[in-house]
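> I am sharing start-v1.cif, which consists of mmCIF, C-alpha atoms:
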```cif
data_run
loop_
_atom_site.label_atom_id
_atom_site.label_comp_id
_atom_site.auth_asym_id
_atom_site.auth_seq_id
_atom_site.Cartn_x
_atom_site.Cartn_y
_atom_site.Cartn_z
CA MET A 1 -45.28 -302.72 56.28
CA SER A 2 -46.34 -302.25 59.85
CA PRO A 3 -49.78 -303.55 60.79
CA ALA A 4 -52.75 -301.44 59.75
CA ARG A 5 -55.98 -301.10 61.66
CA PRO A 6 -58.33 -303.95 60.79
CA GLY A 7 -60.24 -303.19 57.60
CA ASN A 8 -58.10 -300.17 56.73
CA PRO A 9 -54.85 -300.89 54.84
CA ASP A 10 -54.33 -297.12 54.46
CA SER A 11 -53.69 -296.76 58.20
CA SER A 12 -50.30 -298.50 58.31
CA THR A 13 -47.54 -296.41 59.85
CA ASP A 14 -45.14 -296.77 56.91
CA LEU A 15 -47.51 -296.37 53.98
CA TYR A 16 -45.41 -293.51 52.55
CA LEU A 17 -42.00 -294.72 53.67
CA GLY A 18 -39.37 -293.25 51.34
CA ALA A 19 -41.85 -290.88 49.68
CA ALA A 20 -41.75 -287.84 51.99
CA GLU A 21 -39.29 -285.76 49.96
CA ASP A 22 -41.20 -286.39 46.74
CA TYR A 23 -44.44 -285.63 48.58
CA ALA A 24 -43.11 -282.25 49.71
CA ARG A 25 -41.69 -281.38 46.30
CA TYR A 26 -44.23 -282.72 43.83
CA ARG A 27 -47.63 -282.53 45.48
CA GLN A 28 -49.16 -279.29 44.25
CA PRO A 29 -49.73 -276.78 47.06
CA TYR A 30 -53.26 -275.82 47.97
CA PRO A 31 -54.10 -272.55 46.19
CA GLU A 32 -53.76 -269.48 48.36
CA ARG A 33 -57.23 -268.29 47.35
CA MET A 34 -58.64 -271.55 48.70
CA LEU A 35 -56.75 -271.23 51.98
CA ALA A 36 -57.83 -267.59 52.26
CA ASP A 37 -61.45 -268.63 51.72
CA LEU A 38 -61.06 -271.31 54.39
CA ARG A 39 -59.63 -268.82 56.88
CA ARG A 40 -62.48 -266.42 56.23
CA ARG A 41 -65.28 -268.97 56.53
CA ALA A 42 -63.72 -270.57 59.60
CA GLY A 43 -63.34 -267.21 61.30
CA VAL A 44 -59.60 -267.57 61.91
CA THR A 45 -58.59 -264.80 64.30
CA GLY A 46 -54.79 -264.96 64.18
CA LYS A 47 -54.73 -265.79 67.90
CA GLY A 48 -56.00 -269.37 67.94
CA ARG A 49 -54.39 -272.76 67.58
CA LEU A 50 -54.48 -275.08 64.54
CA LEU A 51 -54.44 -278.88 64.76
CA ASP A 52 -53.29 -280.44 61.47
CA LEU A 53 -54.01 -284.18 61.54
CA ALA A 54 -52.07 -286.63 59.35
CA CYS A 55 -50.07 -283.56 58.37
CA GLY A 56 -47.51 -285.21 56.08
CA PRO A 57 -44.62 -282.82 55.41
CA GLY A 58 -46.74 -279.78 56.25
CA ARG A 59 -48.78 -279.13 53.13
CA VAL A 60 -51.45 -277.43 55.28
CA ALA A 61 -49.50 -276.55 58.43
CA LEU A 62 -46.77 -274.56 56.70
CA PRO A 63 -48.87 -272.10 54.65
CA LEU A 64 -51.32 -271.58 57.53
CA ALA A 65 -48.80 -271.25 60.37
CA ARG A 66 -48.57 -267.47 60.30
CA TYR A 67 -52.32 -267.16 60.85
CA PHE A 68 -52.23 -268.97 64.19
CA SER A 69 -50.45 -268.46 67.48
CA GLU A 70 -49.50 -272.14 67.47
CA VAL A 71 -49.84 -275.15 65.18
CA TRP A 72 -49.85 -278.79 66.21
CA ALA A 73 -48.77 -280.90 63.22
CA VAL A 74 -49.30 -284.62 63.81
CA ASP A 75 -48.40 -287.61 61.63
CA GLN A 76 -47.65 -291.22 62.45
CA GLU A 77 -44.83 -291.45 59.88
CA PRO A 78 -41.53 -290.10 61.31
CA GLU A 79 -40.08 -289.37 57.86
CA MET A 80 -42.96 -287.02 57.05
CA ILE A 81 -42.41 -285.14 60.31
CA GLU A 82 -38.66 -284.88 59.67
CA VAL A 83 -39.21 -283.38 56.22
CA GLY A 84 -41.90 -281.02 57.52
CA ARG A 85 -39.73 -279.81 60.38
CA ALA A 86 -36.81 -279.15 58.01
CA ARG A 87 -39.05 -277.15 55.66
CA ALA A 88 -40.38 -275.11 58.59
CA GLU A 89 -36.84 -274.29 59.69
CA ARG A 90 -35.93 -273.14 56.18
CA GLN A 91 -38.99 -270.88 56.16
CA GLY A 92 -38.25 -269.47 59.60
CA LEU A 93 -41.48 -270.83 61.11
CA THR A 94 -41.07 -271.38 64.83
CA ASN A 95 -44.66 -271.82 66.04
CA ILE A 96 -45.23 -275.36 64.73
CA ARG A 97 -45.13 -278.23 67.20
CA TRP A 98 -44.28 -281.35 65.18
CA MET A 99 -45.45 -284.64 66.69
CA VAL A 100 -45.04 -288.26 65.60
CA GLY A 101 -48.06 -290.32 66.58
CA ARG A 102 -51.59 -291.42 65.80
CA ALA A 103 -54.14 -288.65 65.43
CA GLU A 104 -56.52 -290.63 67.61
CA ASP A 105 -54.04 -290.59 70.52
CA ILE A 106 -53.58 -286.83 70.81
CA GLU A 107 -54.00 -285.48 74.32
CA ALA A 108 -55.38 -281.95 74.37
CA SER A 109 -57.59 -280.01 76.73
CA PRO A 110 -61.20 -279.34 75.70
CA GLY A 111 -61.55 -276.29 73.48
CA SER A 112 -57.84 -276.20 72.57
CA PHE A 113 -58.17 -275.51 68.85
CA GLU A 114 -59.74 -272.88 66.64
CA LEU A 115 -59.42 -275.05 63.55
CA ILE A 116 -58.69 -278.72 62.80
CA SER A 117 -57.47 -279.55 59.30
CA ILE A 118 -57.22 -282.92 57.57
CA GLY A 119 -55.62 -282.80 54.13
CA GLU A 120 -56.42 -285.80 51.91
CA ALA A 121 -56.09 -288.15 54.88
CA PHE A 122 -59.44 -288.63 56.63
CA HIS A 123 -59.68 -292.11 55.05
CA ARG A 124 -56.49 -293.10 56.91
CA LEU A 125 -57.95 -292.27 60.32
CA ASP A 126 -60.39 -293.92 62.68
CA GLN A 127 -63.13 -291.65 61.41
CA PRO A 128 -65.81 -292.04 64.12
CA THR A 129 -63.18 -291.54 66.84
CA ILE A 130 -61.71 -288.43 65.20
CA ALA A 131 -65.17 -286.98 64.57
CA GLU A 132 -66.15 -287.49 68.19
CA ARG A 133 -62.90 -286.18 69.62
CA ALA A 134 -62.98 -283.12 67.35
CA LEU A 135 -66.09 -281.92 69.16
CA ASP A 136 -64.07 -281.93 72.39
CA TRP A 137 -60.86 -280.51 70.93
CA LEU A 138 -62.52 -277.55 69.20
CA ALA A 139 -63.32 -274.28 70.93
CA PRO A 140 -66.97 -273.15 70.79
CA GLY A 141 -67.69 -272.15 67.22
CA GLY A 142 -64.48 -273.80 66.05
CA CYS A 143 -64.25 -275.62 62.72
CA LEU A 144 -62.92 -278.77 61.12
CA ALA A 145 -61.92 -278.76 57.45
CA THR A 146 -61.15 -281.69 55.15
CA LEU A 147 -59.08 -280.59 52.15
CA GLY A 148 -58.39 -282.42 48.93
CA CYS A 149 -57.43 -282.49 45.28
CA PHE A 150 -58.23 -285.07 42.61
CA SER A 151 -55.17 -287.11 41.75
CA LEU A 152 -53.54 -287.41 38.36
CA LEU A 153 -55.21 -290.77 37.85
CA ARG A 154 -58.68 -289.25 38.32
CA GLY A 155 -58.20 -286.38 35.88
CA GLN A 156 -60.22 -285.86 32.72
CA GLU A 157 -57.52 -284.73 30.28
CA PRO A 158 -56.61 -287.05 27.37
CA SER A 159 -53.10 -287.43 28.80
CA HIS A 160 -54.65 -288.98 31.91
CA ASP A 161 -56.01 -291.87 29.85
CA VAL A 162 -52.44 -292.51 28.72
CA LEU A 163 -51.21 -292.50 32.33
CA ARG A 164 -54.00 -294.76 33.54
CA ALA A 165 -53.17 -297.35 30.89
CA VAL A 166 -49.54 -297.54 32.05
CA VAL A 167 -50.43 -297.64 35.75
CA ARG A 168 -53.05 -300.32 35.15
CA ARG A 169 -50.43 -302.64 33.65
CA TYR A 170 -48.15 -302.28 36.66
CA GLU A 171 -50.91 -302.74 39.18
CA GLU A 172 -52.08 -305.87 37.37
CA GLN A 173 -48.52 -307.18 37.55
CA ARG A 174 -48.41 -306.45 41.27
CA TRP A 175 -51.73 -307.93 42.30
CA GLY A 176 -52.33 -310.35 39.48
CA ALA A 177 -54.94 -309.76 36.81
CA LEU A 178 -56.47 -313.16 37.55
CA PHE A 179 -56.76 -312.55 41.28
CA PRO A 180 -58.17 -309.03 41.76
CA SER A 181 -59.72 -310.07 45.08
CA GLU A 182 -56.23 -310.21 46.61
CA ARG A 183 -55.78 -306.48 46.21
CA PRO A 184 -56.41 -304.69 49.54
CA SER A 185 -59.50 -302.51 49.53
CA SER A 186 -59.52 -299.06 51.12
CA PRO A 187 -62.35 -297.84 53.33
CA PRO A 188 -65.04 -295.55 51.89
CA ARG A 189 -63.82 -292.04 51.12
CA GLY A 190 -64.86 -288.82 49.45
CA ALA A 191 -66.70 -285.64 50.40
CA ASP A 192 -70.09 -287.33 50.78
CA HIS A 193 -68.74 -290.05 53.06
CA ASP A 194 -66.76 -287.55 55.14
CA ARG A 195 -69.85 -285.42 55.60
CA GLN A 196 -71.87 -288.40 56.82
CA GLU A 197 -69.22 -289.38 59.37
CA LEU A 198 -68.67 -285.88 60.72
CA THR A 199 -72.30 -284.80 60.89
CA ALA A 200 -73.23 -288.09 62.58
CA ALA A 201 -70.92 -287.07 65.42
CA GLY A 202 -72.65 -283.71 65.80
CA LEU A 203 -70.60 -281.34 63.65
CA ARG A 204 -72.61 -279.07 61.36
CA HIS A 205 -71.75 -279.06 57.66
CA VAL A 206 -71.16 -275.47 56.57
CA GLY A 207 -70.48 -276.32 52.92
CA THR A 208 -68.17 -277.82 50.33
CA PHE A 209 -66.22 -275.39 48.18
CA GLU A 210 -64.31 -276.06 44.96
CA PHE A 211 -61.34 -274.19 43.52
CA PRO A 212 -60.24 -275.18 40.00
CA HIS A 213 -56.64 -274.24 39.41
CA PRO A 214 -54.69 -274.34 36.10
CA HIS A 215 -51.45 -276.29 36.14
CA LEU A 216 -48.86 -277.40 33.58
CA TRP A 217 -47.29 -280.78 34.26
CA THR A 218 -43.87 -281.84 33.00
CA LEU A 219 -42.56 -285.37 32.69
CA GLU A 220 -40.47 -284.90 35.82
CA SER A 221 -43.28 -283.47 37.92
CA ILE A 222 -45.66 -286.27 36.86
CA LEU A 223 -43.13 -288.94 37.80
CA GLY A 224 -42.35 -287.14 41.06
CA ASN A 225 -46.04 -286.93 41.87
CA PHE A 226 -46.42 -290.66 41.28
CA ARG A 227 -43.43 -291.34 43.56
CA SER A 228 -45.20 -289.35 46.29
CA THR A 229 -48.14 -291.77 46.37
CA ALA A 230 -48.64 -294.94 48.36
CA ARG A 231 -49.51 -296.81 45.16
CA LEU A 232 -46.51 -295.91 43.02
CA SER A 233 -43.63 -295.01 45.31
CA ARG A 234 -40.18 -296.40 44.56
CA ARG A 235 -40.53 -298.71 47.54
CA VAL A 236 -43.75 -300.18 46.17
CA LEU A 237 -42.45 -300.53 42.61
CA GLY A 238 -39.12 -301.93 43.78
CA ASP A 239 -36.99 -303.23 40.92
CA ARG A 240 -39.69 -302.14 38.47
CA ALA A 241 -39.31 -298.43 39.31
CA GLU A 242 -36.91 -297.49 36.51
CA ARG A 243 -38.90 -299.46 33.96
CA PHE A 244 -42.10 -297.75 35.12
CA ASP A 245 -40.51 -294.30 34.72
CA ALA A 246 -39.33 -295.22 31.21
CA ASP A 247 -42.76 -296.53 30.24
CA VAL A 248 -44.49 -293.37 31.48
CA ARG A 249 -42.04 -291.17 29.58
CA ARG A 250 -42.44 -293.21 26.41
CA ALA A 251 -46.24 -293.19 26.59
CA LEU A 252 -46.55 -289.48 27.30
CA LEU A 253 -44.01 -288.40 24.68
CA GLY A 254 -45.80 -290.61 22.18
CA PHE A 255 -49.00 -288.75 23.04
CA ASP A 256 -47.43 -285.25 23.04
CA SER A 257 -43.75 -284.83 22.31
CA SER A 258 -43.61 -281.37 23.93
CA GLY A 259 -43.28 -282.92 27.38
CA HIS A 260 -45.82 -280.46 28.82
CA TYR A 261 -49.34 -281.48 29.82
CA PRO A 262 -51.95 -278.94 30.96
CA GLU A 263 -54.60 -279.74 33.51
CA THR A 264 -57.14 -277.88 35.59
CA LEU A 265 -56.52 -279.24 39.07
CA ARG A 266 -59.66 -279.72 41.13
CA PHE A 267 -58.98 -278.52 44.67
CA GLY A 268 -61.62 -278.16 47.34
CA TYR A 269 -62.50 -278.35 50.99
CA SER A 270 -65.45 -279.17 53.20
CA LEU A 271 -66.05 -277.15 56.35
CA PHE A 272 -67.78 -278.28 59.56
CA ARG A 273 -68.56 -276.21 62.64
CA THR A 274 -69.21 -277.14 66.23
CA PRO A 275 -72.88 -276.95 67.17
CA GLN A 276 -72.15 -274.33 69.85
CA SER A 277 -72.15 -271.62 67.17
CA GLY A 278 -75.14 -270.38 65.28
CA ALA A 279 -72.98 -268.76 62.60
#
```
Do you think you could lay out the structure here as structure tokens?

Amino acid sequence: MSPARPGNPDSSTDLYLGAAEDYARYRQPYPERMLADLRRRAGVTGKGRLLDLACGPGRVALPLARYFSEVWAVDQEPEMIEVGRARAERQGLTNIRWMVGRAEDIEASPGSFELISIGEAFHRLDQPTIAERALDWLAPGGCLATLGCFSLLRGQEPSHDVLRAVVRRYEEQRWGALFPSERPSSPPRGADHDRQELTAAGLRHVGTFEFPHPHLWTLESILGNFRSTARLSRRVLGDRAERFDADVRRALLGFDSSGHYPETLRFGYSLFRTPQSGA
């Protein structure tokens, strides 16, 4: 892996190397009703510009592109940008400017953006720097939104206990059950932490909004979703990848032989507005 910023192993520039296609295919899209709610609360006009930071393969940029005159989609992993650009071309979207680079290094004139979005990636960024620069990048009354969804391993369905047991075994093998201190620790994350960082810089918290969404997992989509993560990608598992897939299949089919596993996905976003607006 390439070097990460000190104290933040999630910031390395190849954290998702080899996972971009699985990310695009198996990460569940943000519900349209959530994105519509975001557009309404943020006052999206259809004429402004969107800045999507740590954009991945375009999970936010692609569905929102038609509501903006231009989208800047930025990610430091070239593979993610390549997959996102290809998906945009297939969808006939021509107003997205794809950029490989660090979010913190973006050069943009003051007031350039109507909305800044960060989908499940604020923990990977230099948070104080991004919060401070967002105030400059946003137009008066503009907004920043952090979007997210609880992962499979944080779900509350009985099948999730089965999955956690399998994953725990593999992570203990990787890091060593006797030496848990050797496992890298990620920086603080979550809606409460994000709110503290962003409001400390001067952005006003408008609110946090949740959107439960029913979903039916299959064995293939669960394994694909795992492959899309930094923890369980094929690159991370290495020669254990096929054995991991077989163990997940065996455990889930032993729990429910149908091969279908319902869940209510917990999507949500937090919205912040520049202090120039009293709305």
> Could you pull the residues within 10 Å of Asp105 (chain A), counting only C-alpha atoms, minus those fewer than 2 positions along the same chain, as an MDAnalysis selection string?
chainID A and resid 101:103 107:108 129:130 133
> Taking the file as I've supplied it (selection: the PyMOL selection byres ((chain A and resi 264-266) around 7)), which residues are included? Please answer as a CSV table (one decimal) with C-alpha atoms, keeping the file's coordinate frame.

```
chain,number,residue,atom,x,y,z
A,149,CYS,CA,-57.4,-282.5,45.3
A,150,PHE,CA,-58.2,-285.1,42.6
A,211,PHE,CA,-61.3,-274.2,43.5
A,212,PRO,CA,-60.2,-275.2,40.0
A,213,HIS,CA,-56.6,-274.2,39.4
A,214,PRO,CA,-54.7,-274.3,36.1
A,215,HIS,CA,-51.4,-276.3,36.1
A,263,GLU,CA,-54.6,-279.7,33.5
A,267,PHE,CA,-59.0,-278.5,44.7
A,268,GLY,CA,-61.6,-278.2,47.3
```
> Give me the result of the PyMOL selection byres ((chain A and resi 227-236) around 6) on this file, residue by residue, as a ChimeraX atom specification.
/A:15-16,19,22-23,224-226,237-238,241
> Might you pull out every residue within 12 Å of Glu104 (chain A), with all atoms listed in the file counted and same-chain residues fewer than 3 positions away left off, and present them as a list of chain:residue names?
A:Ser11, A:Leu53, A:Ala54, A:Val74, A:Asp75, A:Gln76, A:Val100, A:Gly101, A:Glu107, A:Ala108, A:Phe122, A:Arg124, A:Leu125, A:Asp126, A:Gln127, A:Pro128, A:Thr129, A:Ile130, A:Ala131, A:Glu132, A:Arg133, A:Ala134, A:Trp137
> Please check which residues have atoms at most 10 Å from (-67.2, -279.1, 72.7) in the file's coordinates, counting only C-alpha atoms, and write them as a PyMOL selection string.
chain A and resi 110-112+132-142+202-203+274-276
> Applied to the shown file, which residues does the PyMOL selection byres ((chain A and resi 55) around 12) return, written as number ranges by chain?
A: 20, 23-24, 50-54, 56-62, 71-85, 96-103, 116-122, 124-125, 146-147
> Have a look at CA of Arg243 (chain A) and CA of Asp14 (chain A) and let me know their distance in Å, one decimal.
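So the two atoms, CA of Arg243 (chain A) and CA of Asp14 (chain A), lie 23.9 Å apart.
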> Which residue, A:Arg41, A:Thr13, A:Thr94, A:Tyr26, has the smallest gap to Ser151 (chain A) when you use all atoms listed in the file?
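Once distances to Ser151 (chain A) are computed over all atoms listed in the file, the minimum belongs to A:Tyr26.
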> Using all atoms listed in the file, determine which residues lie at most 6 Å from Gly48 (chain A), disregarding the query and same-chain residues fewer than 4 positions distant; provide the list as a list in words.
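Those residues are Phe68, Ser69 and Glu114 of chain A.
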> Can you write just those residues out, C-alpha atoms, as a short mmCIF file (atom, residue, chain, number, x, y, z; two decimals), in the coordinates of the input?

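Printed below is again27.cif as written:
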```cif
data_model
loop_
_atom_site.label_atom_id
_atom_site.label_comp_id
_atom_site.auth_asym_id
_atom_site.auth_seq_id
_atom_site.Cartn_x
_atom_site.Cartn_y
_atom_site.Cartn_z
CA PHE A 68 -52.23 -268.97 64.19
CA SER A 69 -50.45 -268.46 67.48
CA GLU A 114 -59.74 -272.88 66.64
#
```
> What lies within 10 Å of Phe244 (chain A) using all atoms listed in the file, ignoring chain neighbours under 2 positions off, as a list in words?
Val166, Val167, Arg169, Tyr170, Leu223, Leu232, Arg234, Leu237, Asp239, Arg240, Ala241, Glu242, Ala246, Asp247, Val248, Arg249 and Arg250 of chain A
> Figure out the distance between CA of Ser258 (chain A) and CA of Glu220 (chain A), please, to one decimal in Å.
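Separation between CA of Glu220 (chain A) and CA of Ser258 (chain A): 12.8 Å.
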> As an exercise, work out the distance from CA of Glu70 (chain A) to CA of Tyr269 (chain A) in Å and give it to one decimal place.
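Separation of CA of Glu70 (chain A) and CA of Tyr269 (chain A): 21.9 Å.
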> Any idea what's packed within 9 Å of Trp217 (chain A), counting all atoms listed in the file, ignoring anything in its chain fewer than 5 positions away? Could you give it as a PyMOL selection string?
chain A and resi 222+259-263
